[in-house]
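Please read the structure below before turning to the comments.
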Amino acid sequence: DCTPHFTLFNLSFRYFSFWILGIPGRTPCRLAWGTERSTEDDCLPKQMEPLLWKQFANDNYKLQHHIEKTHSPGAVDSAFYDLKWAHDLAGIPSPTDDPIVEALRTASKRVLGTSVLRRKEPISATSIHDIINKSDPDNPVNLRNVTMYVLSFAGFFRFDDVPRIRRSDISFKKGFMVIKVLKSKNDQLRKGDEVVISQFSGFAFPVELLKRYLAMFKVPPDSKDVIFKPISKGKGSCKLVAPDKPISYSTFRRPFRKDLQSLGVEPSKFGLHSLRSGGATMAANNGVNDWVFQRHGRWKSVQAN
């Protein structure tokens with residue numbers, strides 16, 4: 001009621017322009033108008049039915065405003081069904097039964113539900129090697145960062161997997177190492193899993209990098225702390241922070257983007273998941289067996305990747 005007439009006119013014009021685009025929609029979601037509506041306002045007595053057209057217009061303008069505010073087709077569905085439920089409960093005609101409202105709702109699926117999903121690109125092994133070659137292995141922060149990059153790439157690790165790695169989860173064997181993954185996205189029953197990574201010679205390989213990182217920070221083999229933590233810088237020395245505090249997403253992502261930028265690569269095209277997808281892409285291109293591929297990535301099926 002306090003909306004200026006010009007603003008209301010613009011809203012009504014956009015409402016009219018929007019509903020003619022209607023197509024069938026999809027699943028509902030939980031979200032209402034943004035402000036609660038009292039039962040007394042919704043449950044209008046039958047003798048007030050001549051006023052329902054005013055309510056009809058108000059509800060439709062609110063729906064249009066909701067579309068523009070949330071940019072979510074699920075939120076529009078939720079608002080639609082909330083409105084229908086309130087009117088059905090009051091025993092009065094619902095604006096949601098009108099084809100115009102249905103057209104407005106389904107139009108939201110066409111306009112809001114068809115945005116292009118911009119997936120991050122998988123990173124190449126060449127880029128990983130270039131980052132390592134430009135980094136200083138004697139710098140504790142650089143060593144920590146490249147170790148996380150290479151582990152994520154070689155082990156098909158998601159970001160969530162990396163901060164959870166504890167020293168007690170790692171066992172070095174002759175020619176390979178095993179990292180226990182006690183909790184992961186696909187492990188709904190929390191049975192745990194293991195990632196086996198082969199050992200090769202050279203600084204750029206994951207087993208050698210991890211050994212060097214653990215040795216630099218003097219992490220004992222029997223430690224149960226997470227290994228990737230924030231680094232505390234003192235006078236002429238660096239050490240992992242004492243509390244068992246895992247590294248944050250931003251602490252991982254920020255240097256990764258900076259390292260990509262130093263190579264002349266556009267960092268916005270890549271995310272931390274690019275490390276996992278990049279390792280998987282390289283393995284697939286090299287003809288790795290489907291079962292081995294699925295097992296190493298902890299996917300439920302080959303199609304899932």
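Chain identifiers are assigned as A, B, and so on, following the order in which chains appear in the structure tokens; residues are numbered from 1 within each chain, and ligands are numbered from 1 in order of appearance.
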>> Quick one: residues within 10 Å of A:Lys224, only C-alpha atoms, excluding same-chain residues fewer than 6 positions away - as JSON, numbers by chain?
In response: {"A": [165, 166, 167, 168, 169, 244]}
> Could you name the residues that touch A:Gly264 at 12 Å or less, counting only C-alpha atoms, but leaving out those on the same chain fewer than 6 positions away, as JSON, numbers by chain?
Replying inline: {"A": [127, 130, 131, 257, 258]}
>> I want to know what sits within 9 Å of A:Met216, based on only C-alpha atoms, with residues of the same chain fewer than 2 positions away left out; could you give that as a ChimeraX atom specification?
In response: /A:138,140,211-214,218-219,239
>> Could you go through stretch 189-276 of chain A and tell me which residues DSSP, when run on the backbone, assigns to helix (DSSP H, G or I), listing them as a ChimeraX atom specification?
In response: /A:206-216,249-262,267-269,273-276
